Amino acid sequence: MVDAKYAVGDHRNGDAKIELDANKRQFTGLTKEELMKYAEDPFWSRLRWCMFVLFWALWLCMLAGAIIIIVQAPKCAPPPPRTWYEKGPLVDMSTVEDYTEVEKDLPLLQKAKVLGIFAYSCKNTYDVLNESPPTCLEQFKQFAAKAKTFGVQVIVDLTANFVSKSHTWFQQSENKSSNFSDYFIWASSNEFNPDVPGERKPPNNWVSTLDAPAWTLSEKRQEFYLHQFGEDQPDLNFSKREVVLLFDDVIKTWMQAGAAGIRLHHARELLVNSSFPDELPLTGHGSVPGAVHTQHAYWQHRATRDQAALDGLLAHWAQQVATHATVTDGTVFTTFEESRPELFMSKLNTTALRPPSAAPLVLQDPAQAEMLLEDRVKRWPAMQLLAEDGTDEELAAFAMLLPAAPVLQPQQIRSKDNETSVSEILSHVVALREDSSIQHGLYAIKAVPVHNSTDTMLACARWKSGHTGYVSVYNGGADEARADLSALSSLPDDLTIYRVSPSNLNYTTNSVAKSNNVTVAPKSSVILSYVPKQGTEQ
């Protein structure tokens, strides 16, 4: 405080002040010479470089860490694209036995955006191996090549189970020729029928699909041969490797001729229990009232259907189809199903089928249809819907929204007014098979209530986050009715008419309908679009 001066002011009020020397020199920082002295000091120079390097090293480490996190972090892979046979539609033309007749419909199939057909095989299954000249195969090659120009793939229907009783294989097996002795299923029996003297009893109580004994005695061999179908169609023995290879050759022949796949008939009866146990009666759920022991429906068929080795056999043939294919965009290997539960719904749960196949569903009761569809569409099967009174183009339009490959009859794609034109509603709705909501979206299938009635209608909603949702409603009744779709959680209050049957005079395309009050004409479908509610992805 040597530079301070104490001054006394007005002593009457006791004021005082302290004055600092105004001439005291203020601090002005380091001079240039002093700064240069420190700047050139080795210690400070090294410290600056260390800090510089450390800064950029840390920055690069953070950059590398961010890149690693981005690259290594788990991602949601895009869903795999649907194959042509999953998109569909597919048309079953296997009842047409002349390829030239099918060729006439190729322009119609192209207009309907049909991607594949099931076609008749022009020869008995194993006859193509020895056809000379190969007339049938040449016809098929030309037909398959022409179909591809219209964007239609051809899937061949085959039955591997049997050959004719007059076939050389059976004749040699009947004579116990060494190479063919076990080509068929033979069994002996030492029991005799007490009611018919001298007549041997069959090895067991098996009944064929034609409601007749499944065994017939060969007088030549003095053994019974198995025929689960006609008496003149002896079953081949697929537990023998050589017999399996014969059908391998059949597959190879058709695939190299241009087929896009194979559909097997009667696949579930290909293998039997080699110990030949007696069958047990079918009781309870699934039993047929009034069936008797001489009928096929009376028995459980645990020894003649869905044997454990069947999954491996089908997987082997599925691989053969893929190996010998001439097409490059996927092949079909599936079965033709006539009853439920289907093979892919059975205990085998086989994964070799592409796609799995569902039995045709006749839409009688929407509530029952809801239950059956919900169980089956989890595997995206090939599925055919039929109206109670036969095929129905309106039901075909409804099927376009199902999470399945729709299988149609030829009549379902034709216009009622013009045989050479595509059904009006189907021609527009089939394009939705390419939509993301249909290919990869969620679904809800419901039997929805009808206003002022105990009846129901079948509805199917499809939606995907960020995409337009669609809902189809089918009225199989004989009267116009109003459906309440509010049970479908993804639907908002207002829906937009996407396509409607010409018989439905209540709406026009792009008009608005309330979700709790959608009018549907009898025997017709309504297709609506909407913006899915927020949160319905969960």
# chains A, B, ... in the order shown; residues from 1 in each chain; ligands from 1
>>> select_by_dssp(residues="segment 26-74 of chain A", states="alpha helix (DSSP H)", output="NGL selection string")
:A and (32-39 or 42-72)
>>> residues_around(residues="Phe162 of chain A", least_positions_apart="3", cutoff="12 Å", atoms="only C-alpha atoms", output="ChimeraX atom specification")
/A:124-127,158-159,165-167,169-170,183-185,225-238,243,246-247,265-267,269-271
>>> write_last_selection(atoms="C-alpha atoms", output="compact mmCIF listing (two decimals), in the first residue's frame")
# COMPACT_ATOMS: atom_id res chain seq x y z
CA ASN A 124 -48.08 -92.36 -68.09
CA THR A 125 -45.41 -91.35 -65.61
CA TYR A 126 -42.75 -93.97 -66.39
CA ASP A 127 -43.54 -94.41 -70.10
CA LEU A 158 -47.06 -86.75 -62.15
CA THR A 159 -48.05 -89.84 -60.18
CA LYS A 165 -50.11 -104.39 -64.22
CA SER A 166 -49.13 -105.05 -67.83
CA HIS A 167 -45.86 -103.13 -67.45
CA TRP A 169 -41.41 -104.30 -64.57
CA PHE A 170 -44.39 -105.93 -62.89
CA TYR A 183 -39.70 -103.50 -57.37
CA PHE A 184 -43.20 -103.90 -55.94
CA ILE A 185 -44.63 -104.57 -52.48
CA TYR A 225 -49.18 -107.50 -54.26
CA LEU A 226 -50.27 -104.16 -52.78
CA HIS A 227 -52.39 -101.72 -54.76
CA GLN A 228 -53.71 -98.74 -52.84
CA PHE A 229 -55.51 -97.59 -55.96
CA GLY A 230 -56.79 -99.76 -58.82
CA GLU A 231 -56.20 -103.53 -58.83
CA ASP A 232 -54.36 -103.09 -62.14
CA GLN A 233 -52.06 -100.44 -60.59
CA PRO A 234 -49.56 -102.27 -58.33
CA ASP A 235 -47.66 -100.05 -55.89
CA LEU A 236 -43.95 -99.56 -56.48
CA ASN A 237 -41.60 -100.23 -53.59
CA PHE A 238 -39.86 -96.94 -52.83
CA VAL A 243 -37.02 -97.77 -57.70
CA LEU A 246 -36.27 -94.67 -61.70
CA PHE A 247 -38.38 -91.70 -60.67
CA HIS A 265 -50.33 -86.80 -56.87
CA HIS A 266 -50.88 -89.34 -54.06
CA ALA A 267 -47.50 -88.49 -52.50
CA GLU A 269 -49.15 -93.07 -49.98
CA LEU A 270 -45.67 -93.51 -51.49
CA LEU A 271 -44.32 -95.45 -48.50
>>> closest_residue(among="A:Asp98, A:Asp389, A:Asp329, A:Asp306", to="Asn349 of chain A", atoms="only C-alpha atoms")
A:Asp306
>>> residues_around(residues="Leu115 of chain A", least_positions_apart="6", cutoff="10 Å", atoms="only C-alpha atoms", output="list in words")
Trp84, Tyr85, Glu86, Lys87, Gly88, Pro89, Leu90, Val91, Leu109, Ala147, Lys148, Phe150, Gly151, Val152, Gln153 and Val154 of chain A
>>> write_last_selection(atoms="C-alpha atoms", output="PDB file, in the first residue's frame")
ATOM      1  CA  TRP A  84     -42.780 -66.362 -59.233  1.00  0.00           C
ATOM      2  CA  TYR A  85     -44.753 -69.296 -57.832  1.00  0.00           C
ATOM      3  CA  GLU A  86     -45.297 -67.503 -54.507  1.00  0.00           C
ATOM      4  CA  LYS A  87     -46.570 -64.380 -56.247  1.00  0.00           C
ATOM      5  CA  GLY A  88     -48.865 -66.252 -58.586  1.00  0.00           C
ATOM      6  CA  PRO A  89     -51.545 -66.577 -59.587  1.00  0.00           C
ATOM      7  CA  LEU A  90     -51.266 -70.177 -60.740  1.00  0.00           C
ATOM      8  CA  VAL A  91     -53.937 -71.836 -62.877  1.00  0.00           C
ATOM      9  CA  LEU A 109     -53.326 -66.151 -69.169  1.00  0.00           C
ATOM     10  CA  ALA A 147     -45.754 -70.695 -72.800  1.00  0.00           C
ATOM     11  CA  LYS A 148     -42.571 -68.981 -71.614  1.00  0.00           C
ATOM     12  CA  PHE A 150     -46.198 -65.415 -72.688  1.00  0.00           C
ATOM     13  CA  GLY A 151     -44.530 -65.289 -69.241  1.00  0.00           C
ATOM     14  CA  VAL A 152     -46.139 -68.554 -68.125  1.00  0.00           C
ATOM     15  CA  GLN A 153     -44.167 -71.397 -66.512  1.00  0.00           C
ATOM     16  CA  VAL A 154     -45.380 -75.002 -66.852  1.00  0.00           C
TER      17      VAL A 154
END
>>> closest_atom_pairs(of="segment 244-290 of chain A", to="segment 202-211 of chain A", cutoff="7 Å", atoms="only C-alpha atoms", output="JSON lines")
{"residue": "A:Phe276", "atom": "CA", "partner": "A:Asn204", "partner_atom": "CA", "distance": 6.8}
{"residue": "A:Pro277", "atom": "CA", "partner": "A:Asn204", "partner_atom": "CA", "distance": 6.8}
{"residue": "A:Asp278", "atom": "CA", "partner": "A:Asn204", "partner_atom": "CA", "distance": 5.4}
{"residue": "A:Glu279", "atom": "CA", "partner": "A:Trp206", "partner_atom": "CA", "distance": 6.4}
>>> closest_residue(among="A:Leu495, A:Leu47, A:Val520, A:Val332", to="Val473 of chain A", atoms="only C-alpha atoms")
A:Val520
>>> atom_distance(atom1="atom CA of Arg499 of chain A", atom2="atom CA of Ile527 of chain A")
5.1 Å
>>> closest_residue(among="A:Val288, A:Ala461, A:Ala308, A:Ile251", to="Val272 of chain A", atoms="only C-alpha atoms")
A:Ala308
>>> closest_atom_pairs(of="segment 442-522 of chain A", to="segment 407-425 of chain A", cutoff="12 Å", atoms="only C-alpha atoms", output="JSON lines")
{"residue": "A:Ser472", "atom": "CA", "partner": "A:Ile425", "partner_atom": "CA", "distance": 11.9}
{"residue": "A:Tyr498", "atom": "CA", "partner": "A:Ile425", "partner_atom": "CA", "distance": 9.9}
{"residue": "A:Arg499", "atom": "CA", "partner": "A:Ile425", "partner_atom": "CA", "distance": 6.5}
{"residue": "A:Val500", "atom": "CA", "partner": "A:Ile425", "partner_atom": "CA", "distance": 6.7}
{"residue": "A:Ser501", "atom": "CA", "partner": "A:Ile425", "partner_atom": "CA", "distance": 6.1}
{"residue": "A:Pro502", "atom": "CA", "partner": "A:Ile425", "partner_atom": "CA", "distance": 8.2}
{"residue": "A:Ser503", "atom": "CA", "partner": "A:Ile425", "partner_atom": "CA", "distance": 10.8}
{"residue": "A:Asn504", "atom": "CA", "partner": "A:Ile425", "partner_atom": "CA", "distance": 11.5}
{"residue": "A:Thr509", "atom": "CA", "partner": "A:Ile425", "partner_atom": "CA", "distance": 11.2}
>>> write_last_selection(atoms="all heavy atoms", output="PDB file, in the first residue's frame")
ATOM      1  N   SER A 472     -59.989 -57.002 -48.521  1.00  0.00           N
ATOM      2  CA  SER A 472     -60.991 -57.576 -49.421  1.00  0.00           C
ATOM      3  C   SER A 472     -62.094 -58.210 -48.588  1.00  0.00           C
ATOM      4  O   SER A 472     -61.834 -58.803 -47.534  1.00  0.00           O
ATOM      5  CB  SER A 472     -60.357 -58.621 -50.351  1.00  0.00           C
ATOM      6  OG  SER A 472     -59.742 -59.651 -49.601  1.00  0.00           O
ATOM      7  N   TYR A 498     -61.181 -49.496 -53.862  1.00  0.00           N
ATOM      8  CA  TYR A 498     -60.134 -49.751 -54.853  1.00  0.00           C
ATOM      9  C   TYR A 498     -60.740 -50.378 -56.109  1.00  0.00           C
ATOM     10  O   TYR A 498     -60.552 -49.887 -57.216  1.00  0.00           O
ATOM     11  CB  TYR A 498     -59.054 -50.663 -54.257  1.00  0.00           C
ATOM     12  CG  TYR A 498     -57.924 -50.965 -55.209  1.00  0.00           C
ATOM     13  CD1 TYR A 498     -56.914 -50.039 -55.416  1.00  0.00           C
ATOM     14  CD2 TYR A 498     -57.868 -52.178 -55.898  1.00  0.00           C
ATOM     15  CE1 TYR A 498     -55.876 -50.299 -56.297  1.00  0.00           C
ATOM     16  CE2 TYR A 498     -56.837 -52.452 -56.784  1.00  0.00           C
ATOM     17  CZ  TYR A 498     -55.846 -51.509 -56.985  1.00  0.00           C
ATOM     18  OH  TYR A 498     -54.825 -51.771 -57.861  1.00  0.00           O
ATOM     19  N   ARG A 499     -61.463 -51.480 -55.918  1.00  0.00           N
ATOM     20  CA  ARG A 499     -62.183 -52.101 -57.026  1.00  0.00           C
ATOM     21  C   ARG A 499     -63.452 -52.723 -56.482  1.00  0.00           C
ATOM     22  O   ARG A 499     -63.468 -53.246 -55.355  1.00  0.00           O
ATOM     23  CB  ARG A 499     -61.355 -53.170 -57.733  1.00  0.00           C
ATOM     24  CG  ARG A 499     -60.270 -52.645 -58.651  1.00  0.00           C
ATOM     25  CD  ARG A 499     -60.829 -51.855 -59.808  1.00  0.00           C
ATOM     26  NE  ARG A 499     -59.790 -51.065 -60.452  1.00  0.00           N
ATOM     27  CZ  ARG A 499     -60.015 -50.138 -61.360  1.00  0.00           C
ATOM     28  NH1 ARG A 499     -61.250 -49.865 -61.711  1.00  0.00           N
ATOM     29  NH2 ARG A 499     -59.028 -49.474 -61.907  1.00  0.00           N
ATOM     30  N   VAL A 500     -64.496 -52.687 -57.297  1.00  0.00           N
ATOM     31  CA  VAL A 500     -65.773 -53.239 -56.870  1.00  0.00           C
ATOM     32  C   VAL A 500     -66.394 -53.959 -58.051  1.00  0.00           C
ATOM     33  O   VAL A 500     -66.173 -53.605 -59.214  1.00  0.00           O
ATOM     34  CB  VAL A 500     -66.695 -52.111 -56.338  1.00  0.00           C
ATOM     35  CG1 VAL A 500     -67.052 -51.146 -57.439  1.00  0.00           C
ATOM     36  CG2 VAL A 500     -67.939 -52.671 -55.684  1.00  0.00           C
ATOM     37  N   SER A 501     -67.166 -54.983 -57.758  1.00  0.00           N
ATOM     38  CA  SER A 501     -67.848 -55.735 -58.810  1.00  0.00           C
ATOM     39  C   SER A 501     -68.844 -54.837 -59.527  1.00  0.00           C
ATOM     40  O   SER A 501     -69.493 -53.980 -58.910  1.00  0.00           O
ATOM     41  CB  SER A 501     -68.569 -56.934 -58.192  1.00  0.00           C
ATOM     42  OG  SER A 501     -69.421 -57.537 -59.131  1.00  0.00           O
ATOM     43  N   PRO A 502     -68.993 -55.008 -60.855  1.00  0.00           N
ATOM     44  CA  PRO A 502     -69.995 -54.211 -61.585  1.00  0.00           C
ATOM     45  C   PRO A 502     -71.418 -54.382 -61.045  1.00  0.00           C
ATOM     46  O   PRO A 502     -72.250 -53.499 -61.210  1.00  0.00           O
ATOM     47  CB  PRO A 502     -69.889 -54.740 -63.015  1.00  0.00           C
ATOM     48  CG  PRO A 502     -68.511 -55.317 -63.115  1.00  0.00           C
ATOM     49  CD  PRO A 502     -68.208 -55.866 -61.760  1.00  0.00           C
ATOM     50  N   SER A 503     -71.653 -55.510 -60.377  1.00  0.00           N
ATOM     51  CA  SER A 503     -72.996 -55.741 -59.830  1.00  0.00           C
ATOM     52  C   SER A 503     -73.262 -54.937 -58.565  1.00  0.00           C
ATOM     53  O   SER A 503     -74.402 -54.831 -58.116  1.00  0.00           O
ATOM     54  CB  SER A 503     -73.186 -57.231 -59.524  1.00  0.00           C
ATOM     55  OG  SER A 503     -72.264 -57.675 -58.532  1.00  0.00           O
ATOM     56  N   ASN A 504     -72.221 -54.362 -57.992  1.00  0.00           N
ATOM     57  CA  ASN A 504     -72.387 -53.564 -56.774  1.00  0.00           C
ATOM     58  C   ASN A 504     -72.585 -52.104 -57.178  1.00  0.00           C
ATOM     59  O   ASN A 504     -71.641 -51.406 -57.555  1.00  0.00           O
ATOM     60  CB  ASN A 504     -71.148 -53.710 -55.883  1.00  0.00           C
ATOM     61  CG  ASN A 504     -71.390 -53.184 -54.479  1.00  0.00           C
ATOM     62  OD1 ASN A 504     -72.210 -52.298 -54.270  1.00  0.00           O
ATOM     63  ND2 ASN A 504     -70.664 -53.733 -53.521  1.00  0.00           N
ATOM     64  N   THR A 509     -65.316 -46.599 -58.039  1.00  0.00           N
ATOM     65  CA  THR A 509     -63.899 -46.575 -57.697  1.00  0.00           C
ATOM     66  C   THR A 509     -63.506 -45.220 -57.120  1.00  0.00           C
ATOM     67  O   THR A 509     -63.924 -44.170 -57.622  1.00  0.00           O
ATOM     68  CB  THR A 509     -63.058 -46.882 -58.948  1.00  0.00           C
ATOM     69  OG1 THR A 509     -63.446 -48.159 -59.456  1.00  0.00           O
ATOM     70  CG2 THR A 509     -61.576 -46.900 -58.617  1.00  0.00           C
TER      71      THR A 509
END
>>> atom_distance(atom1="atom CA of Ala359 of chain A", atom2="atom CA of Phe118 of chain A")
14.9 Å
>>> closest_residue(among="A:Ala297, A:Val531, A:Cys76, A:Ala521", to="Asp493 of chain A", atoms="only C-alpha atoms")
A:Val531
>>> decode(residues="segment 195-242 of chain A", atoms="N, CA and C atoms", output="tab-separated table (two decimals), in the first residue's frame")
chain	number	residue	atom	x	y	z
A	195	ASP	N	-64.83	-119.03	-45.20
A	195	ASP	CA	-66.08	-119.02	-45.95
A	195	ASP	C	-65.90	-119.47	-47.39
A	196	VAL	N	-64.66	-119.42	-47.89
A	196	VAL	CA	-64.38	-119.82	-49.28
A	196	VAL	C	-63.23	-120.82	-49.24
A	197	PRO	N	-63.51	-122.08	-49.34
A	197	PRO	CA	-62.46	-123.10	-49.25
A	197	PRO	C	-61.35	-122.87	-50.29
A	198	GLY	N	-60.11	-122.93	-49.81
A	198	GLY	CA	-58.96	-122.79	-50.70
A	198	GLY	C	-58.55	-121.36	-51.01
A	199	GLU	N	-59.34	-120.39	-50.54
A	199	GLU	CA	-58.99	-118.99	-50.84
A	199	GLU	C	-58.16	-118.42	-49.70
A	200	ARG	N	-57.01	-117.89	-50.04
A	200	ARG	CA	-56.12	-117.30	-49.02
A	200	ARG	C	-56.64	-115.92	-48.60
A	201	LYS	N	-56.43	-115.64	-47.33
A	201	LYS	CA	-56.78	-114.32	-46.80
A	201	LYS	C	-55.63	-113.35	-47.07
A	202	PRO	N	-55.92	-112.08	-47.32
A	202	PRO	CA	-54.86	-111.08	-47.51
A	202	PRO	C	-53.99	-110.97	-46.26
A	203	PRO	N	-52.79	-110.41	-46.41
A	203	PRO	CA	-51.86	-110.30	-45.26
A	203	PRO	C	-52.39	-109.46	-44.12
A	204	ASN	N	-53.28	-108.49	-44.41
A	204	ASN	CA	-53.84	-107.65	-43.35
A	204	ASN	C	-55.17	-107.06	-43.85
A	205	ASN	N	-55.69	-106.10	-43.08
A	205	ASN	CA	-57.03	-105.56	-43.39
A	205	ASN	C	-56.99	-104.26	-44.18
A	206	TRP	N	-55.90	-103.99	-44.87
A	206	TRP	CA	-55.79	-102.72	-45.58
A	206	TRP	C	-56.84	-102.63	-46.70
A	207	VAL	N	-57.38	-101.40	-46.85
A	207	VAL	CA	-58.41	-101.13	-47.86
A	207	VAL	C	-57.88	-100.06	-48.81
A	208	SER	N	-58.12	-100.23	-50.09
A	208	SER	CA	-57.63	-99.27	-51.08
A	208	SER	C	-58.49	-98.02	-51.09
A	209	THR	N	-58.02	-97.01	-51.81
A	209	THR	CA	-58.78	-95.76	-51.93
A	209	THR	C	-60.07	-95.96	-52.72
A	210	LEU	N	-60.20	-97.09	-53.39
A	210	LEU	CA	-61.42	-97.40	-54.14
A	210	LEU	C	-62.39	-98.26	-53.33
A	211	ASP	N	-62.17	-98.33	-52.00
A	211	ASP	CA	-63.05	-99.08	-51.09
A	211	ASP	C	-63.08	-100.57	-51.44
A	212	ALA	N	-61.92	-101.11	-51.77
A	212	ALA	CA	-61.77	-102.54	-52.06
A	212	ALA	C	-60.53	-103.04	-51.33
A	213	PRO	N	-60.39	-104.35	-51.14
A	213	PRO	CA	-59.17	-104.86	-50.51
A	213	PRO	C	-57.93	-104.36	-51.25
A	214	ALA	N	-56.91	-103.97	-50.49
A	214	ALA	CA	-55.70	-103.39	-51.09
A	214	ALA	C	-54.71	-104.45	-51.54
A	215	TRP	N	-55.03	-105.73	-51.34
A	215	TRP	CA	-54.13	-106.82	-51.73
A	215	TRP	C	-54.82	-107.73	-52.76
A	216	THR	N	-54.03	-108.16	-53.74
A	216	THR	CA	-54.52	-109.13	-54.73
A	216	THR	C	-53.46	-110.22	-54.89
A	217	LEU	N	-53.93	-111.46	-54.93
A	217	LEU	CA	-53.01	-112.60	-55.04
A	217	LEU	C	-52.54	-112.76	-56.48
A	218	SER	N	-51.23	-112.91	-56.65
A	218	SER	CA	-50.65	-113.24	-57.96
A	218	SER	C	-50.55	-114.76	-58.06
A	219	GLU	N	-51.23	-115.32	-59.03
A	219	GLU	CA	-51.19	-116.78	-59.20
A	219	GLU	C	-49.79	-117.25	-59.60
A	220	LYS	N	-49.10	-116.41	-60.34
A	220	LYS	CA	-47.75	-116.79	-60.77
A	220	LYS	C	-46.79	-116.84	-59.58
A	221	ARG	N	-46.80	-115.79	-58.78
A	221	ARG	CA	-45.83	-115.68	-57.69
A	221	ARG	C	-46.35	-116.31	-56.41
A	222	GLN	N	-47.64	-116.53	-56.33
A	222	GLN	CA	-48.27	-117.06	-55.13
A	222	GLN	C	-48.02	-116.17	-53.90
A	223	GLU	N	-48.03	-114.88	-54.17
A	223	GLU	CA	-47.96	-113.87	-53.12
A	223	GLU	C	-48.93	-112.75	-53.48
A	224	PHE	N	-49.24	-111.96	-52.46
A	224	PHE	CA	-50.13	-110.82	-52.66
A	224	PHE	C	-49.31	-109.58	-53.03
A	225	TYR	N	-49.80	-108.80	-53.97
A	225	TYR	CA	-49.18	-107.50	-54.26
A	225	TYR	C	-50.12	-106.39	-53.78
A	226	LEU	N	-49.51	-105.29	-53.34
A	226	LEU	CA	-50.27	-104.16	-52.78
A	226	LEU	C	-50.68	-103.21	-53.89
A	227	HIS	N	-51.91	-102.77	-53.84
A	227	HIS	CA	-52.39	-101.72	-54.76
A	227	HIS	C	-53.35	-100.82	-53.97
A	228	GLN	N	-52.87	-99.67	-53.61
A	228	GLN	CA	-53.71	-98.74	-52.84
A	228	GLN	C	-54.71	-98.01	-53.73
A	229	PHE	N	-54.59	-98.23	-55.01
A	229	PHE	CA	-55.51	-97.59	-55.96
A	229	PHE	C	-56.19	-98.71	-56.76
A	230	GLY	N	-56.13	-98.72	-58.07
A	230	GLY	CA	-56.79	-99.76	-58.82
A	230	GLY	C	-56.05	-101.10	-58.72
A	231	GLU	N	-56.81	-102.19	-58.89
A	231	GLU	CA	-56.20	-103.53	-58.83
A	231	GLU	C	-55.15	-103.70	-59.93
A	232	ASP	N	-55.32	-103.00	-61.04
A	232	ASP	CA	-54.36	-103.09	-62.14
A	232	ASP	C	-53.25	-102.04	-62.04
A	233	GLN	N	-53.10	-101.45	-60.82
A	233	GLN	CA	-52.06	-100.44	-60.59
A	233	GLN	C	-51.23	-100.84	-59.36
A	234	PRO	N	-50.36	-101.81	-59.47
A	234	PRO	CA	-49.56	-102.27	-58.33
A	234	PRO	C	-48.61	-101.19	-57.83
A	235	ASP	N	-48.52	-101.07	-56.50
A	235	ASP	CA	-47.66	-100.05	-55.89
A	235	ASP	C	-46.19	-100.40	-56.05
A	236	LEU	N	-45.40	-99.40	-56.44
A	236	LEU	CA	-43.95	-99.56	-56.48
A	236	LEU	C	-43.38	-99.50	-55.07
A	237	ASN	N	-42.24	-100.12	-54.90
A	237	ASN	CA	-41.60	-100.23	-53.59
A	237	ASN	C	-40.50	-99.18	-53.47
A	238	PHE	N	-40.83	-98.03	-52.91
A	238	PHE	CA	-39.86	-96.94	-52.83
A	238	PHE	C	-38.91	-97.06	-51.64
A	239	SER	N	-38.98	-98.14	-50.92
A	239	SER	CA	-37.93	-98.41	-49.93
A	239	SER	C	-36.72	-99.05	-50.60
A	240	LYS	N	-36.84	-99.35	-51.90
A	240	LYS	CA	-35.75	-99.92	-52.68
A	240	LYS	C	-35.09	-98.79	-53.48
A	241	ARG	N	-33.80	-98.66	-53.34
A	241	ARG	CA	-33.05	-97.57	-53.96
A	241	ARG	C	-33.23	-97.53	-55.48
A	242	GLU	N	-33.23	-98.68	-56.12
A	242	GLU	CA	-33.34	-98.71	-57.59
A	242	GLU	C	-34.66	-98.12	-58.07
